[in-house]
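Chemist: Hey, dropping start-v9.txt in here, compact mmCIF, C-alpha atoms:
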```
# COMPACT_ATOMS: atom_id res chain seq x y z
CA ILE H 1 82.47 30.34 10.30
CA MET H 2 82.47 28.91 6.83
CA LEU H 3 79.90 31.51 5.80
CA ASN H 4 81.99 34.34 7.19
CA LYS H 5 85.10 33.01 5.50
CA THR H 6 83.31 32.75 2.20
CA LEU H 7 81.93 36.28 2.38
CA TYR H 8 84.76 38.22 3.94
CA GLY H 9 87.87 36.21 3.37
CA SER H 10 90.27 34.53 5.74
CA LYS H 11 91.72 37.73 7.28
CA GLN H 12 88.36 38.88 8.65
CA MET H 13 87.78 35.33 9.75
CA VAL H 14 90.95 35.27 11.80
CA GLY H 15 90.12 38.63 13.35
CA CYS H 16 86.71 37.37 14.35
CA VAL H 17 88.13 34.24 15.97
CA SER H 18 90.81 36.26 17.75
CA LEU H 19 88.10 38.53 19.17
CA VAL H 20 86.16 35.56 20.59
CA ARG H 21 89.31 34.07 22.12
CA ALA H 22 90.05 37.40 23.80
CA VAL H 23 86.90 37.05 26.01
CA PRO H 24 87.69 35.28 29.32
CA LYS H 25 86.23 31.80 29.58
CA GLN H 26 85.03 32.47 33.13
CA HIS H 27 82.90 35.35 31.87
CA ILE H 28 81.19 33.13 29.29
CA ARG H 29 80.62 30.46 31.95
CA ASN H 30 79.04 33.04 34.29
CA VAL H 31 76.70 34.29 31.57
CA TRP H 32 75.62 30.76 30.72
CA GLU H 33 74.96 29.79 34.34
CA ALA H 34 72.98 33.02 34.91
CA ARG H 35 70.69 32.11 32.02
CA LYS H 36 69.93 28.73 33.56
CA VAL H 37 68.95 30.07 37.03
CA PRO H 38 65.16 30.79 37.09
CA THR H 39 63.73 33.81 38.85
CA GLU H 40 61.71 33.40 42.03
CA PHE H 41 58.46 34.05 40.12
CA GLU H 42 59.30 31.39 37.52
CA LEU H 43 60.24 28.93 40.23
CA LEU H 44 56.91 29.41 42.01
CA ASP H 45 55.03 28.96 38.76
CA LYS H 46 56.84 25.72 38.04
CA GLU H 47 56.23 24.37 41.51
CA ASP H 48 52.45 25.21 41.58
CA PRO H 49 50.92 26.59 38.40
CA PHE H 50 47.45 26.45 40.01
CA SER H 51 48.40 28.39 43.12
CA TYR H 52 45.84 31.16 42.36
CA TYR H 53 42.93 28.74 42.07
CA ARG H 54 44.18 26.69 45.02
CA GLY H 55 44.11 29.81 47.17
CA LYS H 56 40.57 30.59 46.07
CA SER H 57 39.37 27.08 46.93
CA GLU H 58 41.02 27.21 50.35
CA LYS H 59 39.37 30.57 51.03
CA PHE H 60 35.98 29.15 50.05
CA ALA H 61 36.54 26.08 52.27
CA ASN H 62 37.21 28.30 55.27
CA MET H 63 33.97 30.29 54.82
CA THR H 64 30.93 29.84 57.03
CA PRO H 65 27.96 28.01 55.44
CA GLU H 66 26.03 31.29 55.21
CA ASP H 67 28.89 33.00 53.37
CA ARG H 68 29.21 30.04 51.01
CA VAL H 69 25.50 30.19 50.12
CA ALA H 70 25.67 33.96 49.61
CA LYS H 71 28.71 33.62 47.34
CA LEU H 72 27.12 30.85 45.31
CA ILE H 73 23.99 32.98 44.86
CA ARG H 74 26.06 35.98 43.74
CA ILE H 75 27.86 33.83 41.18
CA GLY H 76 25.00 31.56 40.15
CA PHE H 77 22.13 34.04 39.92
CA PRO H 78 23.47 36.02 36.91
CA ILE H 79 24.37 32.77 35.17
CA ALA H 80 20.90 31.34 35.79
CA VAL H 81 19.16 34.52 34.60
CA THR H 82 21.28 34.69 31.45
CA SER H 83 20.68 31.01 30.69
CA GLY H 84 16.95 31.45 31.28
CA LEU H 85 16.73 34.43 28.94
CA ILE H 86 18.60 32.54 26.23
CA ALA H 87 16.32 29.52 26.67
CA LEU H 88 13.23 31.78 26.60
CA TYR H 89 14.41 33.43 23.39
CA TYR H 90 14.88 30.11 21.58
CA TRP H 91 11.65 28.73 23.04
CA ARG H 92 9.69 31.71 21.69
CA GLU H 93 11.40 31.29 18.33
CA GLU H 94 10.22 27.67 18.20
CA VAL H 95 6.69 28.55 19.33
CA GLN H 96 6.40 31.33 16.77
CA LYS H 97 7.39 28.90 14.03
CA ARG H 98 4.46 26.67 14.99
CA VAL H 99 1.83 29.45 15.39
CA PRO H 100 0.88 31.05 12.05
CA PRO H 101 1.00 34.87 11.97
CA LEU H 102 -2.12 36.99 11.81
CA ALA H 103 -3.84 36.92 8.44
CA PRO H 104 -2.93 39.85 6.18
CA HIS H 105 -5.52 42.58 5.80
CA GLU H 106 -4.01 45.64 4.17
CA HIS H 107 -5.38 49.06 5.01
CA THR H 108 -4.30 52.67 4.55
CA GLN H 109 -4.89 54.97 7.51
CA THR H 110 -4.58 58.77 7.48
CA ASN H 111 -4.75 60.99 10.54
CA TRP H 112 -7.38 63.69 11.02
CA SER H 113 -5.19 66.58 9.87
CA GLY H 114 -3.85 64.70 6.83
CA THR H 115 -0.23 65.07 7.96
CA ARG H 116 0.44 61.35 8.56
CA ALA H 117 -0.50 58.18 6.67
CA VAL H 118 0.45 54.52 6.83
CA SER H 119 -0.25 51.42 4.75
CA THR H 120 -0.44 48.62 7.28
CA LYS H 121 -0.24 44.92 6.45
CA ARG H 122 -2.95 43.98 8.96
CA PHE H 123 -5.89 46.04 10.17
CA PHE H 124 -8.52 44.63 12.55
CA GLN H 125 -11.79 45.99 13.95
CA PRO H 126 -13.11 43.50 16.54
CA GLU H 127 -16.78 43.79 17.53
CA THR H 128 -16.69 42.00 20.91
CA LEU H 129 -14.35 41.84 23.86
CA GLU H 130 -13.84 38.10 23.28
CA GLU H 131 -12.80 38.74 19.68
CA LEU H 132 -10.32 41.39 20.83
CA GLU H 133 -8.86 39.06 23.49
CA SER H 134 -8.42 36.27 20.93
CA LEU H 135 -6.77 38.66 18.48
CA VAL H 136 -4.27 40.01 21.02
CA ALA H 137 -3.46 36.52 22.32
CA HIS H 138 -2.85 35.20 18.79
CA ALA H 139 -0.60 38.16 17.99
CA HIS H 140 1.40 37.44 21.15
CA ARG H 141 1.85 33.73 20.42
CA SER H 142 2.83 34.27 16.79
CA GLY H 143 5.09 37.25 17.48
CA SER H 144 3.01 39.56 15.27
CA ARG H 145 3.08 43.30 15.92
CA LEU H 146 -0.27 44.89 16.74
CA ARG H 147 -0.71 48.56 17.62
CA PRO H 148 -4.02 49.98 18.98
CA VAL H 149 -5.29 53.04 17.13
CA GLY H 150 -8.12 55.43 17.96
CA ALA H 151 -9.82 57.93 15.67
CA GLY H 152 -6.46 59.05 14.27
CA LEU H 153 -6.57 62.61 15.58
CA SER H 154 -2.98 62.65 16.83
CA PRO H 155 -0.85 64.89 14.58
CA ASN H 156 2.29 62.76 15.09
CA GLY H 157 0.97 59.37 13.93
CA LEU H 158 1.82 57.77 17.28
CA ALA H 159 -0.50 54.80 16.81
CA PHE H 160 0.42 54.07 13.19
CA ASP H 161 2.32 50.86 12.50
CA LYS H 162 3.01 49.29 9.12
CA ASP H 163 3.01 45.72 10.52
CA GLY H 164 -0.39 45.66 12.23
CA MET H 165 -3.06 47.84 13.86
CA VAL H 166 -6.28 47.24 15.76
CA SER H 167 -9.14 49.76 15.93
CA LEU H 168 -11.92 49.68 18.53
CA ALA H 169 -14.33 51.67 16.36
CA HIS H 170 -16.97 48.89 16.63
CA LEU H 171 -16.63 48.69 20.43
CA ASP H 172 -18.39 52.01 20.86
CA LYS H 173 -21.24 51.51 23.33
CA VAL H 174 -22.16 53.57 26.38
CA LEU H 175 -22.68 50.72 28.85
CA SER H 176 -24.09 52.45 31.94
CA ILE H 177 -24.59 55.81 33.65
CA ASP H 178 -24.73 56.27 37.43
CA PRO H 179 -26.06 59.82 38.02
CA ALA H 180 -25.93 59.48 41.83
CA ASN H 181 -22.19 58.76 41.86
CA ARG H 182 -21.63 60.75 38.67
CA ARG H 183 -19.98 57.86 36.87
CA ILE H 184 -20.28 56.55 33.32
CA THR H 185 -18.98 53.27 31.86
CA VAL H 186 -18.16 53.23 28.15
CA GLN H 187 -16.32 51.09 25.65
CA ALA H 188 -13.01 52.42 24.38
CA GLY H 189 -14.32 52.99 20.85
CA ALA H 190 -17.11 55.36 21.92
CA ARG H 191 -16.54 58.89 20.65
CA VAL H 192 -16.43 61.88 22.95
CA THR H 193 -19.53 63.30 21.23
CA GLN H 194 -21.50 60.14 22.08
CA VAL H 195 -20.48 60.34 25.73
CA LEU H 196 -21.41 64.02 25.97
CA GLU H 197 -24.80 63.34 24.40
CA ALA H 198 -25.45 60.45 26.80
CA LEU H 199 -24.54 62.60 29.80
CA ARG H 200 -26.59 65.58 28.65
CA GLY H 201 -29.85 63.93 29.55
CA HIS H 202 -28.69 63.57 33.18
CA GLY H 203 -27.47 67.14 33.49
CA LEU H 204 -23.82 65.97 33.48
CA THR H 205 -20.77 66.46 31.27
CA LEU H 206 -17.05 65.69 31.25
CA GLN H 207 -14.85 67.79 33.50
CA ASN H 208 -12.35 68.62 30.78
CA LEU H 209 -12.41 68.52 26.98
CA ALA H 210 -9.93 69.06 24.18
CA SER H 211 -10.53 71.41 21.28
CA ILE H 212 -11.90 68.49 19.20
CA ASN H 213 -14.63 66.08 20.34
CA GLU H 214 -14.33 63.29 17.75
CA GLN H 215 -11.76 61.20 19.62
CA HIS H 216 -12.35 57.63 20.73
CA MET H 217 -12.53 57.55 24.51
CA GLY H 218 -9.67 55.03 24.64
CA GLY H 219 -7.28 57.28 22.75
CA PHE H 220 -8.70 60.35 24.50
CA VAL H 221 -7.54 58.93 27.83
CA GLN H 222 -4.33 57.23 26.67
CA VAL H 223 -2.75 60.48 25.42
CA SER H 224 -3.91 62.45 28.49
CA ALA H 225 -5.89 64.93 26.40
CA HIS H 226 -6.75 68.26 27.99
CA GLY H 227 -8.19 71.65 27.30
CA THR H 228 -7.41 75.01 28.87
CA GLY H 229 -7.60 75.99 32.52
CA ALA H 230 -4.85 75.64 35.11
CA GLY H 231 -7.27 74.24 37.70
CA LEU H 232 -8.72 71.52 35.45
CA PRO H 233 -7.05 68.07 35.47
CA PRO H 234 -6.34 66.25 32.19
CA VAL H 235 -8.79 63.61 31.02
CA ASP H 236 -6.92 60.62 32.48
CA GLU H 237 -7.43 62.03 35.99
CA GLN H 238 -11.18 61.48 35.56
CA VAL H 239 -10.78 57.72 35.05
CA VAL H 240 -11.54 55.61 38.16
CA ALA H 241 -11.45 52.09 36.63
CA MET H 242 -10.56 50.38 33.37
CA LYS H 243 -10.10 47.03 31.65
CA LEU H 244 -6.83 46.35 29.86
CA VAL H 245 -6.40 43.51 27.36
CA THR H 246 -2.72 42.52 27.56
CA PRO H 247 -0.68 40.14 25.36
CA ALA H 248 0.65 37.87 28.12
CA LEU H 249 -1.65 38.38 31.15
CA GLY H 250 -5.04 38.42 29.49
CA THR H 251 -7.67 40.98 30.52
CA LEU H 252 -6.87 42.95 33.67
CA SER H 253 -9.43 44.89 35.70
CA LEU H 254 -7.68 47.88 37.23
CA SER H 255 -9.01 50.61 39.48
CA ALA H 256 -7.93 53.38 41.81
CA ASP H 257 -9.71 51.58 44.69
CA SER H 258 -7.86 48.27 44.32
CA ALA H 259 -6.65 46.70 47.58
CA ASP H 260 -3.39 45.61 45.89
CA PRO H 261 -0.78 48.43 45.75
CA ALA H 262 0.74 46.86 42.63
CA ASP H 263 -2.62 47.02 40.85
CA ARG H 264 -3.06 50.65 41.84
CA ALA H 265 0.41 51.47 40.51
CA LEU H 266 -0.30 49.67 37.23
CA PHE H 267 -3.62 51.49 36.97
CA ARG H 268 -1.86 54.87 37.20
CA LEU H 269 0.60 53.82 34.49
CA ALA H 270 -2.04 52.32 32.20
CA ARG H 271 -4.21 55.44 32.19
CA VAL H 272 -1.61 57.18 30.03
CA GLY H 273 0.02 54.09 28.52
CA LEU H 274 -0.04 55.43 24.93
CA GLY H 275 -1.25 51.99 23.86
CA SER H 276 2.00 50.33 24.89
CA LEU H 277 0.69 48.33 27.89
CA GLY H 278 -2.39 46.80 26.27
CA VAL H 279 -5.65 47.60 24.49
```
In C-alpha cells, write the structure found in this file.
Modeler:
Amino acid sequence: IMLNKTLYGSKQMVGCVSLVRAVPKQHIRNVWEARKVPTEFELLDKEDPFSYYRGKSEKFANMTPEDRVAKLIRIGFPIAVTSGLIALYYWREEVQKRVPPLAPHEHTQTNWSGTRAVSTKRFFQPETLEELESLVAHAHRSGSRLRPVGAGLSPNGLAFDKDGMVSLAHLDKVLSIDPANRRITVQAGARVTQVLEALRGHGLTLQNLASINEQHMGGFVQVSAHGTGAGLPPVDEQVVAMKLVTPALGTLSLSADSADPADRALFRLARVGLGSLGV
C-alpha cells in the first residue's frame, strides 16, 4: 500500500482500497478454504507415498514359487550379464597392462597387382605350428592385432592390417598324399603350384582352379576361390578337414565327419572365414 501511494498518489490508493472492500468477505473466505482442501490424488499420496512399490511387493508375495523364480531370473539375468561383461572388460584391461605387446617388426606389403600396399608395425613368419600357436596366444593376451595374410593376390587388400600381420609362407610343406582316397594334406603356406606338382605324379589334380596358381592354399580356401564352370564347386567345397589356430581356444581340429554337430557347423564357417576365425 505504501508503494502504491508513493507511485500513484492517495486518490488511486483510495480507489484501490475501495475496490478490495467491494468484494464480499464470504467470497474471499470460500476461495481461501478451497485452496486448503487437497485433491483426492494429493490425499492418497500423503497417506501412502510408497503405494506403487507396496502394491508390487504384495503382488510378488502372492506369486507361486515357480513364478517368483522366473521373475527373479528375468530381472537378474540381464543385470548379471551386464556386470559380467563390465568385469571382463576391466579384467582384460588389467591383464593387457601386464602382458607386453608383440615386438615391433615393420614391413611393407604390396598385393600382386600393385593396387594395395600397407606398412605394418609387426610382421611375422613362423616356421612351425608351435611357433604360430605361441604367437597367436601372445597376441590374444596382450590385446595386439594380428591379421593372417597369404600370397597377397587379393585385389582389395583384405588381409592387410597396419597393426600386425602373420604370413604362413614358411609353413609350406605337402605333408601326405592318399591316392586311394584321393586326398592330400598340406600346410596353409603351400602354393597352389606346389600342390599341383605333387599331385601330378599320382595322376591327380585339384577339381577347380582360379586364373592364377600362385596363391597360398590357406588364402586360396579362405576366400572361396573358383574358376569357371557352373557345375564345378568353389575350392572350399573340396576341403574335408582342417586345423584352425584360434586366439582363445587354441588349435582346433575340424572336419566334415565330426560327430559333434557344433564342430561340423564351425567347420563349414571356418572354410570361408576370411581369416577372421583363426589362422
Chemist: Separation of atom CA of Arg268 of chain H and atom CA of Leu158 of chain H, in Å?
Modeler: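 A separation of 20.5 Å between them.
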Chemist: Could you list, as a VMD selection string, every residue within 6 Å of segment 232-240 of chain H, counting all atoms listed in the file and ignoring same-chain residues fewer than 6 positions away?
Modeler: chain H and resid 221 224 to 226 255 to 256 271
Chemist: Would you list the contacts of segment 191-202 of chain H as a PyMOL selection string, taking every protein, DNA or RNA residue within 10 Å and counting all atoms listed in the file, but skipping same-chain residues closer than 5 positions in sequence?
Modeler: chain H and resi 150-151+169+172-174+176-180+182-186+209-210+212-220
Chemist: Please check which residues have atoms at most 12 Å from (-0.3, 48.5, 34.4) in the file's coordinates, counting all atoms listed in the file, and write them as a PyMOL selection string.
Modeler: chain H and resi 241-246+249+251-256+261-279
Chemist: For Lys121 of chain H, which residue among H:Gly164, H:Gly76, H:Gly231, H:Gly203 is the nearest when counting only C-alpha atoms?
Modeler: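 Between H:Gly164, H:Gly76, H:Gly231, H:Gly203, the residue approaching Lys121 of chain H most closely is H:Gly164.
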Chemist: Just want the 10 Å neighbourhood of Phe160 of chain H, counted on all atoms listed in the file, with same-chain residues fewer than 6 positions away dropped. Output as a PyMOL selection string.
Modeler: chain H and resi 108-111+116-120+146-150+152+154+166
Chemist: Restricting it to C-alpha atoms, dump the selection as a PDB file, in the coordinates of the input.
Modeler:
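As written to disk, again_33.pdb reads:
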```
ATOM      1  CA  THR H 108      -4.300  52.670   4.550  1.00  0.00           C
ATOM      2  CA  GLN H 109      -4.890  54.970   7.510  1.00  0.00           C
ATOM      3  CA  THR H 110      -4.580  58.770   7.480  1.00  0.00           C
ATOM      4  CA  ASN H 111      -4.750  60.990  10.540  1.00  0.00           C
ATOM      5  CA  ARG H 116       0.440  61.350   8.560  1.00  0.00           C
ATOM      6  CA  ALA H 117      -0.500  58.180   6.670  1.00  0.00           C
ATOM      7  CA  VAL H 118       0.450  54.520   6.830  1.00  0.00           C
ATOM      8  CA  SER H 119      -0.250  51.420   4.750  1.00  0.00           C
ATOM      9  CA  THR H 120      -0.440  48.620   7.280  1.00  0.00           C
ATOM     10  CA  LEU H 146      -0.270  44.890  16.740  1.00  0.00           C
ATOM     11  CA  ARG H 147      -0.710  48.560  17.620  1.00  0.00           C
ATOM     12  CA  PRO H 148      -4.020  49.980  18.980  1.00  0.00           C
ATOM     13  CA  VAL H 149      -5.290  53.040  17.130  1.00  0.00           C
ATOM     14  CA  GLY H 150      -8.120  55.430  17.960  1.00  0.00           C
ATOM     15  CA  GLY H 152      -6.460  59.050  14.270  1.00  0.00           C
ATOM     16  CA  SER H 154      -2.980  62.650  16.830  1.00  0.00           C
ATOM     17  CA  VAL H 166      -6.280  47.240  15.760  1.00  0.00           C
TER      18      VAL H 166
END
```
Chemist: For a test of reading the model, state the distance in Å between atom CA of His140 of chain H and atom CA of Gln222 of chain H, rounded to one decimal.
Modeler: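 Atom-to-atom, atom CA of His140 of chain H and atom CA of Gln222 of chain H are spaced 21.3 Å apart.
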